[in-house]
Amino acid sequence: MDLKKDVQQQFGKSADSYVSSSIHKDGMDLQKLIEMAKIIGNEVLLDIATGGGHTANAFAPLVKNVIAMDLTQEMLLAAEKFVKGNGNQNVHFVKGDAENLPFSNDSFDIVTCRIAPHHFPNINDFNKEVFRVLKQGGQFLLDDNVVPEDNEFDQFYNKIEKWRDYSHFRAWKKSEWICMLESVGFEIVEWHRFEKTFYFDSWCNRMNLPADEKKKLTEFILGTSERVLDKFRVTTEKGRVLSFQGEAIVLKATKK
């Protein structure tokens, strides 16, 4: 699929910036994922779309083994350098597709996926695959950007994300996530909403957005309705967008 090639292209050239990205590295959402997990210490964990490796790195000291999987080879190399550099030797790196996992049924005690599913074009395939590879009683820990339930807000956020990053597919509503996961057999145990502040320059630069497109995107945001500007807490200065606020869901579901 072309979008998957887009993902590989985008993240191949942005791999190192994702390792150092403060949103990916320092987010309170990552600590919440760890708090939500029920861990004894002998678990085998799969981290799907590991990106810079931050989730795999955080869970590695707590479990027996981690498989860190990503679609993009450059990401895997950057993540391995980061994770091994932190002294975690129980993490193994595998190239694979989130919608067609290269693992057998009932293989993992825990599956994590953080700040990635908005890139997946066939989200139901992903959800079914997570359910398939989890053991009975296994935990799925999901963390991703979401959109408000209001359609105008939904369309605005997904439009600016796609503009900035052509490999973006869709950030889903909170209600859509709950519906999709329950429909494949998961039970939702716990979920939290996190606010996320995006600093416009670094947000654009992380995806290497060309200067002319950044200018057009700025003009689009500045020209949107007061209702949208207020909802997303858009801050501006002298015709520049400084920041805006998005949201994420952090969710735990179990395979019963």
# chains A, B, ... in the order shown; residues from 1 in each chain; ligands from 1
call {"tool": "residues_around", "arguments": {"residues": "Gly41 of chain A", "least_positions_apart": "2", "cutoff": "10 Å", "atoms": "only C-alpha atoms", "output": "PyMOL selection string"}}
result
chain A and resi 38-39+43-44+60-65
call {"tool": "write_last_selection", "arguments": {"atoms": "C-alpha atoms", "output": "mmCIF file, in the first residue's frame"}}
result
data_model
loop_
_atom_site.group_PDB
_atom_site.id
_atom_site.type_symbol
_atom_site.label_atom_id
_atom_site.label_comp_id
_atom_site.auth_asym_id
_atom_site.auth_seq_id
_atom_site.Cartn_x
_atom_site.Cartn_y
_atom_site.Cartn_z
ATOM 1 C CA LYS A 38 -0.099 -5.486 35.579
ATOM 2 C CA ILE A 39 3.443 -6.851 35.585
ATOM 3 C CA GLU A 43 6.113 -11.355 30.741
ATOM 4 C CA VAL A 44 6.977 -11.321 27.052
ATOM 5 C CA ALA A 60 12.458 -3.580 29.299
ATOM 6 C CA PRO A 61 13.635 -3.495 32.953
ATOM 7 C CA LEU A 62 10.187 -4.638 34.138
ATOM 8 C CA VAL A 63 9.566 -7.727 31.962
ATOM 9 C CA LYS A 64 11.426 -10.816 30.791
ATOM 10 C CA ASN A 65 11.693 -10.015 27.089
#
call {"tool": "select_by_dssp", "arguments": {"residues": "segment 15-104 of chain A", "states": "strand (DSSP E)", "output": "ChimeraX atom specification"}}
result
/A:44-48,65-70,91-95
call {"tool": "atom_distance", "arguments": {"atom1": "atom CA of Ala49 of chain A", "atom2": "atom CA of Asn151 of chain A"}}
result
27.8 Å
call {"tool": "residues_around", "arguments": {"residues": "Thr254 of chain A", "least_positions_apart": "2", "cutoff": "7 Å", "atoms": "only C-alpha atoms", "output": "VMD selection string"}}
result
chain A and resid 137 to 140 186 to 189 252 256
call {"tool": "residues_around", "arguments": {"residues": "Phe126 of chain A", "least_positions_apart": "5", "cutoff": "10 Å", "atoms": "only C-alpha atoms", "output": "ChimeraX atom specification"}}
result
/A:48,97-101,117,120-121,131-132
call {"tool": "atom_distance", "arguments": {"atom1": "atom CA of Val147 of chain A", "atom2": "atom CA of Lys255 of chain A"}}
result
25.6 Å
call {"tool": "residues_around", "arguments": {"residues": "segment 169-172 of chain A", "least_positions_apart": "3", "cutoff": "9 Å", "atoms": "only C-alpha atoms", "output": "list in words"}}
result
Leu3, Pro117, His118, His119, Phe120, Pro121, Asp144, Asn145, Val146, Val147, Pro148, Asp154, Tyr157, Asn158, Glu161, Lys162, Tyr166, Ser175, Glu176 and Trp177 of chain A
call {"tool": "residues_around", "arguments": {"residues": "Lys128 of chain A", "least_positions_apart": "6", "cutoff": "9 Å", "atoms": "only C-alpha atoms", "output": "list of chain:residue names"}}
result
A:Glu99, A:Leu181, A:Val184, A:Gly185
call {"tool": "closest_residue", "arguments": {"among": "A:Thr112, A:Ser183, A:Ser104, A:Asn205", "to": "Ile67 of chain A", "atoms": "only C-alpha atoms"}}
result
A:Thr112
call {"tool": "select_by_dssp", "arguments": {"residues": "segment 23-144 of chain A", "states": "alpha helix (DSSP H)", "output": "MDAnalysis selection string"}}
result
chainID A and resid 23:25 28:36 54:59 73:85 123:133
call {"tool": "residues_around", "arguments": {"residues": "Pro210 of chain A", "least_positions_apart": "6", "cutoff": "12 Å", "atoms": "only C-alpha atoms", "output": "PDB file with C-alpha atoms, in the first residue's frame"}}
result
ATOM      1  CA  TRP A 163      -0.843  18.506   5.811  1.00  0.00           C
ATOM      2  CA  ARG A 164       2.195  18.301   8.061  1.00  0.00           C
ATOM      3  CA  ASP A 165       2.747  14.575   7.557  1.00  0.00           C
ATOM      4  CA  ASP A 201       7.907  24.932  14.681  1.00  0.00           C
ATOM      5  CA  CYS A 204       6.555  20.884  11.528  1.00  0.00           C
ATOM      6  CA  LYS A 216       0.382  27.767   3.843  1.00  0.00           C
ATOM      7  CA  LEU A 217      -0.427  25.661   6.893  1.00  0.00           C
TER       8      LEU A 217
END
call {"tool": "closest_residue", "arguments": {"among": "A:Tyr199, A:Phe244, A:Phe59, A:Phe232", "to": "Leu141 of chain A", "atoms": "only C-alpha atoms"}}
result
A:Phe59
call {"tool": "closest_residue", "arguments": {"among": "A:Glu195, A:Ala248, A:Lys174, A:Val241", "to": "Lys214 of chain A", "atoms": "only C-alpha atoms"}}
result
A:Val241
call {"tool": "closest_residue", "arguments": {"among": "A:Met36, A:Met207, A:Val133, A:Asn88", "to": "Ser167 of chain A", "atoms": "only C-alpha atoms"}}
result
A:Met207
